[in-house]
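Participant: Got a file for you: work.cif, mmCIF, C-alpha atoms.
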data_structure
loop_
_atom_site.label_atom_id
_atom_site.label_comp_id
_atom_site.auth_asym_id
_atom_site.auth_seq_id
_atom_site.Cartn_x
_atom_site.Cartn_y
_atom_site.Cartn_z
CA ILE A 1 54.29 75.36 42.45
CA LEU A 2 50.97 73.90 43.61
CA LYS A 3 50.49 72.10 40.30
CA SER A 4 53.96 70.59 40.24
CA THR A 5 54.01 69.68 43.95
CA THR A 6 50.63 67.93 43.98
CA SER A 7 51.42 66.24 40.67
CA GLY A 8 54.62 64.85 42.13
CA VAL A 9 52.85 63.61 45.26
CA LEU A 10 50.24 61.76 43.19
CA THR A 11 52.75 60.34 40.71
CA GLY A 12 54.73 58.78 43.53
CA SER A 13 51.80 57.62 45.62
CA THR A 14 49.86 56.15 42.69
CA GLY A 15 52.84 54.12 41.57
CA VAL A 16 53.30 52.74 45.10
CA ILE A 17 49.66 52.17 46.06
CA TYR A 18 48.60 50.39 42.88
CA SER A 19 51.70 48.20 42.61
CA ASP A 20 51.46 46.88 46.19
CA SER A 21 50.01 43.37 46.15
CA ASN A 22 48.94 43.78 49.78
CA ILE A 23 46.52 46.58 48.88
CA THR A 24 43.30 45.64 47.10
CA PHE A 25 42.04 47.66 44.18
CA ASP A 26 39.08 49.02 46.19
CA GLN A 27 41.42 50.09 48.99
CA ALA A 28 43.72 51.79 46.48
CA ILE A 29 40.83 53.81 45.02
CA VAL A 30 39.78 54.94 48.49
CA LEU A 31 43.34 55.97 49.33
CA SER A 32 43.58 57.99 46.11
CA GLU A 33 40.36 59.85 46.91
CA GLU A 34 41.45 60.54 50.50
CA LEU A 35 44.83 61.83 49.34
CA SER A 36 43.28 64.20 46.80
CA TYR A 37 40.83 65.38 49.47
CA SER A 38 43.64 66.12 51.91
CA LEU A 39 45.74 68.04 49.40
CA SER A 40 42.84 70.24 48.25
CA ASN A 41 41.56 70.79 51.76
CA TYR A 42 44.95 71.70 53.20
CA GLY A 43 45.80 73.90 50.22
CA ILE A 44 42.79 76.15 50.88
CA LYS A 45 43.53 76.24 54.62
CA LEU A 46 47.18 77.08 54.02
CA ALA A 47 46.28 79.94 51.71
CA SER A 48 43.95 81.34 54.36
CA GLU A 49 46.48 81.08 57.17
CA ASN A 50 49.23 82.75 55.16
CA ASN A 51 47.08 85.55 53.68
CA LEU A 52 48.45 85.09 50.18
CA ALA A 53 47.75 88.44 48.56
CA GLY A 54 46.40 88.38 45.03
CA ILE A 55 45.76 84.63 44.96
CA GLU A 56 42.12 83.56 44.87
CA TYR A 57 40.84 80.41 46.56
CA ASN A 58 39.27 79.22 43.30
CA ASP A 59 42.63 79.40 41.51
CA ILE A 60 44.23 77.38 44.30
CA ALA A 61 41.47 74.77 44.05
CA GLU A 62 41.92 74.50 40.28
CA ALA A 63 45.71 74.29 40.47
CA ILE A 64 45.59 71.48 43.04
CA SER A 65 42.86 69.47 41.31
CA PHE A 66 44.78 69.80 38.03
CA GLY A 67 48.06 68.71 39.62
CA VAL A 68 46.44 65.80 41.45
CA ALA A 69 44.79 64.44 38.28
CA MET A 70 47.86 65.05 36.15
CA GLY A 71 50.11 63.20 38.59
CA GLY A 72 47.71 60.34 39.22
CA HIS A 73 47.40 59.65 35.48
CA SER A 74 50.99 60.37 34.51
CA GLU A 75 52.72 57.86 32.27
CA SER A 76 55.29 57.27 35.00
CA ALA A 77 52.61 56.37 37.58
CA ILE A 78 50.50 54.24 35.25
CA SER A 79 53.52 52.23 34.08
CA LYS A 80 54.14 51.01 37.64
CA ILE A 81 50.62 49.73 38.24
CA ASN A 82 50.27 46.00 38.73
CA PRO A 83 48.27 44.79 35.66
CA GLN A 84 46.84 41.96 37.76
CA LEU A 85 45.29 44.43 40.20
CA SER A 86 42.60 45.60 37.79
CA ASN A 87 41.70 46.02 34.14
CA PRO A 88 43.66 49.15 33.10
CA TYR A 89 40.57 50.71 31.45
CA ILE A 90 38.44 50.22 34.56
CA MET A 91 41.24 51.45 36.79
CA ARG A 92 41.79 54.67 34.85
CA LYS A 93 38.14 55.77 34.83
CA LEU A 94 37.59 54.89 38.51
CA LEU A 95 40.78 56.72 39.41
CA SER A 96 39.50 59.76 37.50
CA LYS A 97 36.27 59.67 39.49
CA ALA A 98 38.05 59.26 42.83
CA LEU A 99 40.56 62.07 42.25
CA SER A 100 37.84 64.46 41.04
CA ALA A 101 35.58 63.64 43.98
CA GLY A 102 38.33 64.03 46.55
CA SER A 103 39.63 67.31 45.14
CA SER A 104 36.16 68.78 44.87
CA GLN A 105 34.97 67.81 48.33
CA GLY A 106 38.26 68.67 50.01
CA ALA A 107 38.33 72.20 48.59
CA LEU A 108 34.63 72.83 49.27
CA THR A 109 34.82 71.58 52.84
CA ALA A 110 37.71 73.94 53.53
CA ILE A 111 36.12 77.01 51.88
CA ALA A 112 32.73 76.34 53.52
CA ASN A 113 34.36 76.17 56.95
CA LEU A 114 36.29 79.40 56.25
CA SER A 115 33.06 81.23 55.45
CA ALA A 116 32.00 80.93 59.08
CA ASN A 117 34.84 83.22 60.21
CA ASP A 118 35.76 85.22 57.11
CA VAL A 119 33.26 87.84 55.91
CA ASN A 120 35.03 87.91 52.55
CA VAL A 121 34.08 84.31 51.86
CA GLY A 122 30.46 83.75 50.85
CA TRP A 123 28.33 81.88 48.35
CA GLU A 124 30.01 83.39 45.29
CA GLU A 125 33.49 82.37 46.43
CA ILE A 126 32.26 78.87 47.27
CA LYS A 127 30.61 78.52 43.87
CA MET A 128 33.80 79.58 42.09
CA VAL A 129 35.85 77.03 44.04
CA SER A 130 33.38 74.32 43.04
CA SER A 131 33.54 75.21 39.36
CA GLN A 132 37.27 75.57 39.06
CA SER A 133 38.09 72.46 41.07
CA ALA A 134 35.91 70.43 38.69
CA LYS A 135 37.49 72.16 35.71
CA GLY A 136 41.05 71.46 36.83
CA SER A 137 40.38 67.76 37.35
CA MET A 138 38.64 67.41 34.01
CA VAL A 139 41.30 69.18 31.96
CA ALA A 140 44.08 66.99 33.38
CA ASN A 141 42.09 63.75 33.22
CA VAL A 142 41.10 64.36 29.60
CA ALA A 143 44.53 65.54 28.44
CA ASN A 144 46.20 62.52 29.99
CA VAL A 145 43.89 59.97 28.40
CA ILE A 146 44.19 61.65 24.98
CA TYR A 147 47.99 61.58 25.10
CA PHE A 148 48.64 58.35 27.04
CA GLY A 149 45.44 56.30 26.88
CA GLU A 150 43.30 54.66 24.22
CA ASP A 151 40.61 56.35 22.13
CA GLU A 152 37.84 54.21 23.66
CA GLU A 153 38.76 55.43 27.15
CA LEU A 154 38.09 59.11 26.47
CA LEU A 155 34.30 59.29 26.86
CA PRO A 156 34.13 57.02 29.96
CA ILE A 157 36.79 59.15 31.64
CA ILE A 158 34.91 62.37 30.85
CA ASN A 159 31.76 60.76 32.29
CA PHE A 160 33.45 59.49 35.45
CA SER A 161 35.46 62.65 36.05
CA ALA A 162 32.25 64.70 35.91
CA GLN A 163 30.50 62.19 38.16
CA GLY A 164 33.25 62.40 40.74
CA ALA A 165 33.43 66.20 40.78
CA SER A 166 29.67 66.75 41.01
CA TYR A 167 29.14 63.98 43.57
CA GLY A 168 32.03 65.17 45.73
CA ALA A 169 30.70 68.74 45.56
CA THR A 170 27.00 68.16 46.22
CA SER A 171 27.62 65.60 48.98
CA THR A 172 29.78 68.06 50.97
CA LEU A 173 28.11 68.26 54.38
CA ALA A 174 29.96 71.46 55.36
CA LEU A 175 27.78 73.34 52.86
CA ASN A 176 24.86 72.89 55.27
CA ASN A 177 26.56 75.27 57.70
CA VAL A 178 26.92 78.15 55.23
CA GLU A 179 24.42 80.94 55.85
CA LYS A 180 22.04 81.59 52.97
CA PRO A 181 21.98 85.20 51.72
CA GLN A 182 18.65 86.99 51.92
CA GLY A 183 16.41 86.76 48.88
CA LEU A 184 17.69 83.39 47.65
CA THR A 185 15.36 80.42 47.48
CA GLU A 186 17.48 77.48 46.36
CA ASP A 187 19.85 75.56 48.62
CA LEU A 188 23.56 76.10 48.17
CA THR A 189 23.83 72.46 47.11
CA VAL A 190 21.62 73.21 44.09
CA GLU A 191 23.85 76.15 43.17
CA ILE A 192 26.86 73.86 43.50
CA ALA A 193 25.25 71.29 41.18
CA ARG A 194 25.20 74.00 38.51
CA THR A 195 28.70 75.35 39.10
CA SER A 196 30.42 71.97 39.36
CA SER A 197 28.68 70.84 36.16
CA HIS A 198 29.72 74.13 34.56
CA GLY A 199 33.38 73.54 35.42
CA SER A 200 33.42 69.91 34.28
CA SER A 201 31.74 70.63 30.96
CA LEU A 202 33.88 73.68 30.22
CA GLY A 203 37.02 71.68 30.94
CA ALA A 204 35.86 68.68 28.90
CA THR A 205 34.85 70.57 25.76
CA PHE A 206 37.77 73.01 25.91
CA THR A 207 40.35 70.22 26.17
CA THR A 208 38.77 67.74 23.79
CA VAL A 209 37.87 70.20 21.03
CA SER A 210 41.25 71.96 21.15
CA ILE A 211 43.45 68.84 21.29
CA LYS A 212 41.45 66.62 18.94
CA GLY A 213 40.64 69.41 16.48
CA GLY A 214 36.88 69.68 16.78
CA ASN A 215 35.06 72.34 14.78
CA PRO A 216 31.71 73.22 16.40
CA VAL A 217 31.84 76.75 14.95
CA THR A 218 31.16 75.81 11.33
CA ASN A 219 30.26 72.10 11.50
CA GLU A 220 26.77 71.57 12.91
CA ASN A 221 27.40 67.81 13.12
CA ASP A 222 30.79 68.10 14.83
CA ASN A 223 31.20 64.64 16.34
CA ILE A 224 33.96 65.54 18.79
CA SER A 225 32.02 68.25 20.63
CA ASN A 226 28.72 66.34 20.48
CA LYS A 227 30.12 63.12 21.97
CA THR A 228 31.93 65.11 24.64
CA VAL A 229 28.79 66.91 25.83
CA GLN A 230 26.91 63.62 25.95
CA ALA A 231 29.50 62.10 28.27
CA VAL A 232 29.81 65.13 30.54
CA ALA A 233 26.05 65.72 30.73
CA TYR A 234 25.44 62.16 31.87
CA GLY A 235 28.22 62.18 34.44
CA ALA A 236 27.50 65.62 35.90
CA THR A 237 23.77 64.92 36.23
CA ILE A 238 23.98 61.54 37.90
CA GLY A 239 26.74 62.71 40.24
CA SER A 240 24.81 65.83 41.25
CA ILE A 241 21.59 63.97 42.04
CA LEU A 242 23.27 61.18 43.99
CA GLY A 243 25.49 63.62 45.88
CA ALA A 244 22.61 65.92 46.81
CA SER A 245 20.68 62.90 48.04
CA GLU A 246 23.65 61.86 50.16
CA SER A 247 23.82 65.27 51.86
CA GLY A 248 20.02 65.49 52.17
CA ASN A 249 19.71 68.70 50.14
CA GLY A 250 17.85 69.79 47.05
CA ASP A 251 14.82 68.49 45.19
CA PRO A 252 16.16 65.95 42.65
CA ILE A 253 14.19 67.65 39.87
CA ILE A 254 15.74 71.05 40.65
CA VAL A 255 19.19 69.47 40.99
CA LYS A 256 18.71 67.85 37.58
CA GLN A 257 17.78 71.20 36.05
CA ALA A 258 20.71 72.94 37.74
CA ALA A 259 23.12 70.33 36.36
CA LYS A 260 21.60 70.74 32.90
CA GLN A 261 22.04 74.51 33.08
CA GLY A 262 25.66 74.18 34.18
CA VAL A 263 26.51 71.65 31.48
CA THR A 264 24.82 73.72 28.77
CA GLU A 265 26.63 76.91 29.76
CA GLY A 266 29.99 75.24 30.31
CA SER A 267 29.88 73.14 27.15
CA LEU A 268 29.13 76.06 24.85
CA ILE A 269 31.66 78.33 26.53
CA GLY A 270 34.34 75.63 26.52
CA SER A 271 33.75 74.96 22.83
CA GLY A 272 34.01 78.68 22.22
CA PHE A 273 37.25 79.06 24.16
CA ALA A 274 38.75 76.19 22.15
CA THR A 275 37.90 77.93 18.87
CA ASP A 276 36.86 81.55 18.24
CA TYR A 277 35.89 83.10 21.58
CA ARG A 278 37.81 84.72 24.43
CA GLU A 279 36.92 85.70 28.01
CA THR A 280 36.35 89.32 26.99
CA PHE A 281 33.43 88.25 24.78
CA PHE A 282 31.48 87.03 27.81
CA LEU A 283 31.81 90.28 29.74
CA ASP A 284 28.93 91.78 27.74
CA ASN A 285 27.49 88.66 26.08
CA ASP A 286 26.17 85.25 27.06
CA ILE A 287 25.83 81.85 25.42
CA ASP A 288 22.80 82.94 23.38
CA ASP A 289 25.07 85.36 21.51
CA MET A 290 27.57 82.67 20.51
CA GLU A 291 27.55 81.62 16.86
CA LEU A 292 28.25 77.90 16.95
CA ALA A 293 26.84 75.78 14.13
CA ALA A 294 26.79 72.75 16.42
CA LYS A 295 24.94 74.57 19.23
CA LYS A 296 21.50 73.10 18.48
CA ASN A 297 22.76 69.51 18.32
CA MET A 298 24.83 69.98 21.47
CA ILE A 299 21.85 71.32 23.43
CA THR A 300 19.65 68.47 22.18
CA SER A 301 22.26 65.93 23.30
CA ILE A 302 22.61 67.58 26.71
CA THR A 303 18.83 67.54 27.25
CA ARG A 304 18.56 63.86 26.32
CA LEU A 305 21.51 62.65 28.40
CA ASN A 306 20.46 64.83 31.35
CA ALA A 307 17.08 63.08 31.32
CA ASP A 308 18.64 59.62 30.95
CA ALA A 309 21.07 60.20 33.80
CA SER A 310 18.33 61.59 36.03
CA LEU A 311 16.28 58.44 35.51
CA GLU A 312 19.30 56.25 36.24
CA ALA A 313 20.08 58.21 39.41
CA MET A 314 16.52 58.02 40.67
CA ASN A 315 16.38 54.28 40.01
CA SER A 316 19.56 53.77 42.00
CA LEU A 317 18.33 55.65 45.03
CA ALA A 318 16.65 53.68 47.79
CA THR A 319 13.13 54.88 47.09
CA LYS A 320 9.95 53.21 48.26
CA LYS A 321 7.83 51.97 45.41
CA VAL A 322 4.10 51.93 45.98
CA LYS A 323 2.12 49.30 44.10
CA THR A 324 -1.51 50.15 43.57
CA SER A 325 -4.04 47.32 43.22
CA SER A 326 -6.69 47.38 40.49
CA ARG A 327 -9.35 47.47 43.22
CA ASP A 328 -7.89 50.67 44.67
CA MET A 329 -7.75 52.24 41.22
CA LEU A 330 -11.45 51.48 40.64
CA LEU A 331 -12.35 53.08 43.97
CA LEU A 332 -10.33 56.17 43.04
CA ILE A 333 -12.09 56.43 39.66
CA ARG A 334 -15.52 56.24 41.30
CA LYS A 335 -14.63 58.75 44.02
CA PHE A 336 -13.63 61.43 41.50
CA ASN A 337 -16.31 60.61 38.93
CA ILE A 338 -13.77 59.77 36.26
CA SER A 339 -15.20 58.21 33.11
CA PRO A 340 -12.67 56.82 30.63
CA ASN A 341 -15.14 57.55 27.83
CA THR A 342 -16.09 61.15 28.64
CA THR A 343 -13.50 62.67 30.99
CA ASN A 344 -11.02 64.98 29.30
CA PRO A 345 -7.64 64.23 30.85
CA ALA A 346 -6.02 67.40 29.54
CA THR A 347 -6.35 69.10 32.91
CA ILE A 348 -4.46 66.22 34.53
CA PHE A 349 -1.82 65.51 31.91
CA GLN A 350 -0.64 68.68 30.24
CA ARG A 351 -0.35 68.65 26.48
CA PRO A 352 3.23 68.92 25.29
CA THR A 353 4.39 72.44 24.58
CA LYS A 354 7.38 73.65 22.67
CA LYS A 355 9.97 74.95 25.10
CA LYS A 356 13.12 76.93 24.73
CA SER A 357 16.27 75.18 25.93
CA ALA A 358 16.60 77.47 28.95
CA ASP A 359 12.96 77.41 30.06
CA ASP A 360 13.67 74.98 32.89
CA PHE A 361 16.91 76.58 34.09
CA PRO A 362 16.56 77.46 37.80
CA PHE A 363 19.01 80.39 37.76
CA GLU A 364 18.79 83.65 35.84
CA ASP A 365 22.23 85.03 36.69
CA LYS A 366 25.24 84.65 34.39
CA PHE A 367 28.03 82.53 35.85
CA PRO A 368 31.56 83.90 35.14
CA ALA A 369 33.39 82.39 32.18
CA ALA A 370 37.05 81.67 32.88
CA THR A 371 39.52 79.81 30.70
CA PRO A 372 41.50 76.99 32.36
CA ILE A 373 44.64 78.31 34.05
#
Would you write the structure of this file as structure tokens?
Facilitator:
Amino acid sequence: ILKSTTSGVLTGSTGVIYSDSNITFDQAIVLSEELSYSLSNYGIKLASENNLAGIEYNDIAEAISFGVAMGGHSESAISKINPQLSNPYIMRKLLSKALSAGSSQGALTAIANLSANDVNVGWEEIKMVSSQSAKGSMVANVANVIYFGEDEELLPIINFSAQGASYGATSTLALNNVEKPQGLTEDLTVEIARTSSHGSSLGATFTTVSIKGGNPVTNENDNISNKTVQAVAYGATIGSILGASESGNGDPIIVKQAAKQGVTEGSLIGSGFATDYRETFFLDNDIDDMELAAKKNMITSITRLNADASLEAMNSLATKKVKTSSRDMLLLIRKFNISPNTTNPATIFQRPTKKKSADDFPFEDKFPAATPI
């Protein structure tokens, strides 16, 4: 019911908002994000007020985010959009970002506020809402563009959907009011960077590999899964860093690593779900036990795009750049007795070492693997 109701609301509203010549494109995007926020936020609140037995908040968040994205991108809604309002390609990817951001932040704001009065709602429940909201948006956004869009739209929409979900999640100010459990060191926002990235990447790889017939199990150079993880890694990383900066939480380096961990876990699990693996496998196993021929290439792509997106995010932030004069550098060299001819810089700049892919992951726990509902 939640899927169909929210889908209907977005189908109708998108057709009206984007065909109205009195509403600018920028205003329409904002309205779409606010509407998705309201639906996700109120859905969580309504579930709490009515004590719906047997229904988890994370499933509600996923159902609503899925319905919102499915309705907003439905063929019926898109056909009514004024072509003079915006380039259809630009419109579709920005709409994906807005709907994902609104759904994610709306659900997280509601669940974070509930945690103040409900002892049964804590960090784990909040993390699950984050992951499954991102997953629901991504599955619907990707499925819609595969069936109703153009091939060249797929990767930008994966990127922008992941950006929206991770930015909406990590910029949620209500997370600042959630009490940190004893023994934990990282901020909740850093945890959310991982879980939102996990949900987006699982949804992206699961949907793309299954619908487009990817084969990461036996084909080490599977182009479908590799291109998908590149797009989702970039989007999830840049959205997480910019969102965490907006809310004033999390070291950007740790947020980057958390996003990388989430994308790596989610991408491999999503590829597995779309091919040979089921939820029961992950009860006693983790991603290291998966036998995917394309695993190495996928992890390499994730690492590279995670680094590229981190650099792009940091460049876009309003950071103060300090320019050092040559005179100051000479004074510094003299002060520390540095000789370019004799000083061994190895103690300053570490020699490169061969790392395992998970060496820089900030979390040791295994996040639950759940197929899209």
Participant: Find, counting all atoms listed in the file, the residue in A:Gly136, A:Glu179, A:Ser166, A:Lys80 that gets nearest to A:Val119.
Facilitator: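 Of all the options, A:Glu179 lies closest to A:Val119.
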Participant: Please measure the separation of atom CA of A:Ser100 and atom CA of A:Glu124, giving the value in Å to one decimal.
Facilitator: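 Between atom CA of A:Ser100 and atom CA of A:Glu124 the gap is 20.9 Å.
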Participant: Starting from the PyMOL selection byres ((chain A and resi 259-263) around 7), expand the selection into actual residues of this file and give them as a list in words.
Facilitator: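 Applying the PyMOL selection byres ((chain A and resi 259-263) around 7) to the structure shown produces Ala193, Arg194, Thr195, Ser197, His198, Ser201, Ala233, Ala236, Thr237, Ser240, Val255, Lys256, Gln257, Ala258, Thr264, Glu265, Gly266, Ser267, Asn306 and Phe361 of chain A.
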Participant: What is the distance, in Å and to one decimal place, between atom CA of A:Asn51 and atom CA of A:Leu188?
Facilitator: 25.9 Å
Participant: Please measure the separation of atom CA of A:Ser200 and atom CA of A:Met138, giving the value in Å to one decimal.
Facilitator: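 Computing the Euclidean distance for atom CA of A:Ser200 and atom CA of A:Met138 yields 5.8 Å.
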Participant: I need the residue set behind the PyMOL selection byres ((chain A and resi 159) around 8) for this file; please write it as a PyMOL selection string.
Facilitator: chain A and resi 155-158+160-163+231-236
Participant: Since the input lacks some atoms of stretch 164-174 of chain A, please model all heavy atoms and print them as a PDB file, in the frame of the given file.
Facilitator:
ATOM      1  N   GLY A 164      32.504  62.234  39.503  1.00  0.00           N
ATOM      2  CA  GLY A 164      33.250  62.400  40.740  1.00  0.00           C
ATOM      3  C   GLY A 164      33.201  63.823  41.263  1.00  0.00           C
ATOM      4  O   GLY A 164      32.952  64.055  42.447  1.00  0.00           O
ATOM      5  N   ALA A 165      33.419  64.792  40.364  1.00  0.00           N
ATOM      6  CA  ALA A 165      33.430  66.200  40.780  1.00  0.00           C
ATOM      7  C   ALA A 165      32.073  66.632  41.319  1.00  0.00           C
ATOM      8  O   ALA A 165      31.979  67.273  42.367  1.00  0.00           O
ATOM      9  CB  ALA A 165      33.855  67.087  39.625  1.00  0.00           C
ATOM     10  N   SER A 166      31.004  66.295  40.585  1.00  0.00           N
ATOM     11  CA  SER A 166      29.670  66.750  41.010  1.00  0.00           C
ATOM     12  C   SER A 166      29.198  66.007  42.257  1.00  0.00           C
ATOM     13  O   SER A 166      28.563  66.599  43.138  1.00  0.00           O
ATOM     14  CB  SER A 166      28.657  66.590  39.869  1.00  0.00           C
ATOM     15  OG  SER A 166      28.577  65.248  39.437  1.00  0.00           O
ATOM     16  N   TYR A 167      29.521  64.720  42.352  1.00  0.00           N
ATOM     17  CA  TYR A 167      29.140  63.980  43.570  1.00  0.00           C
ATOM     18  C   TYR A 167      29.911  64.500  44.772  1.00  0.00           C
ATOM     19  O   TYR A 167      29.334  64.741  45.841  1.00  0.00           O
ATOM     20  CB  TYR A 167      29.407  62.482  43.391  1.00  0.00           C
ATOM     21  CG  TYR A 167      29.020  61.679  44.624  1.00  0.00           C
ATOM     22  CD1 TYR A 167      27.719  61.222  44.790  1.00  0.00           C
ATOM     23  CD2 TYR A 167      29.946  61.408  45.627  1.00  0.00           C
ATOM     24  CE1 TYR A 167      27.350  60.508  45.918  1.00  0.00           C
ATOM     25  CE2 TYR A 167      29.594  60.704  46.753  1.00  0.00           C
ATOM     26  CZ  TYR A 167      28.295  60.251  46.905  1.00  0.00           C
ATOM     27  OH  TYR A 167      27.940  59.558  48.037  1.00  0.00           O
ATOM     28  N   GLY A 168      31.220  64.666  44.619  1.00  0.00           N
ATOM     29  CA  GLY A 168      32.030  65.170  45.730  1.00  0.00           C
ATOM     30  C   GLY A 168      31.563  66.542  46.181  1.00  0.00           C
ATOM     31  O   GLY A 168      31.540  66.841  47.377  1.00  0.00           O
ATOM     32  N   ALA A 169      31.143  67.379  45.222  1.00  0.00           N
ATOM     33  CA  ALA A 169      30.700  68.740  45.560  1.00  0.00           C
ATOM     34  C   ALA A 169      29.351  68.740  46.263  1.00  0.00           C
ATOM     35  O   ALA A 169      29.193  69.333  47.333  1.00  0.00           O
ATOM     36  CB  ALA A 169      30.624  69.577  44.282  1.00  0.00           C
ATOM     37  N   THR A 170      28.354  68.086  45.673  1.00  0.00           N
ATOM     38  CA  THR A 170      27.000  68.160  46.220  1.00  0.00           C
ATOM     39  C   THR A 170      26.807  67.324  47.481  1.00  0.00           C
ATOM     40  O   THR A 170      25.825  67.514  48.199  1.00  0.00           O
ATOM     41  CB  THR A 170      25.950  67.745  45.170  1.00  0.00           C
ATOM     42  OG1 THR A 170      26.268  66.429  44.678  1.00  0.00           O
ATOM     43  CG2 THR A 170      25.930  68.725  44.010  1.00  0.00           C
ATOM     44  N   SER A 171      27.723  66.406  47.744  1.00  0.00           N
ATOM     45  CA  SER A 171      27.620  65.600  48.980  1.00  0.00           C
ATOM     46  C   SER A 171      28.405  66.213  50.135  1.00  0.00           C
ATOM     47  O   SER A 171      28.487  65.625  51.219  1.00  0.00           O
ATOM     48  CB  SER A 171      28.118  64.170  48.725  1.00  0.00           C
ATOM     49  OG  SER A 171      29.491  64.163  48.377  1.00  0.00           O
ATOM     50  N   THR A 172      28.981  67.400  49.935  1.00  0.00           N
ATOM     51  CA  THR A 172      29.780  68.060  50.970  1.00  0.00           C
ATOM     52  C   THR A 172      28.888  68.548  52.107  1.00  0.00           C
ATOM     53  O   THR A 172      28.107  69.492  51.948  1.00  0.00           O
ATOM     54  CB  THR A 172      30.564  69.251  50.382  1.00  0.00           C
ATOM     55  OG1 THR A 172      31.408  68.776  49.323  1.00  0.00           O
ATOM     56  CG2 THR A 172      31.423  69.914  51.445  1.00  0.00           C
ATOM     57  N   LEU A 173      28.991  67.929  53.249  1.00  0.00           N
ATOM     58  CA  LEU A 173      28.110  68.260  54.380  1.00  0.00           C
ATOM     59  C   LEU A 173      28.380  69.645  54.949  1.00  0.00           C
ATOM     60  O   LEU A 173      27.472  70.279  55.501  1.00  0.00           O
ATOM     61  CB  LEU A 173      28.280  67.203  55.483  1.00  0.00           C
ATOM     62  CG  LEU A 173      27.806  65.785  55.130  1.00  0.00           C
ATOM     63  CD1 LEU A 173      28.099  64.824  56.279  1.00  0.00           C
ATOM     64  CD2 LEU A 173      26.316  65.775  54.801  1.00  0.00           C
ATOM     65  N   ALA A 174      29.612  70.132  54.822  1.00  0.00           N
ATOM     66  CA  ALA A 174      29.960  71.460  55.360  1.00  0.00           C
ATOM     67  C   ALA A 174      29.143  72.571  54.709  1.00  0.00           C
ATOM     68  O   ALA A 174      28.987  73.653  55.292  1.00  0.00           O
ATOM     69  CB  ALA A 174      31.451  71.721  55.192  1.00  0.00           C
TER      70      ALA A 174
END
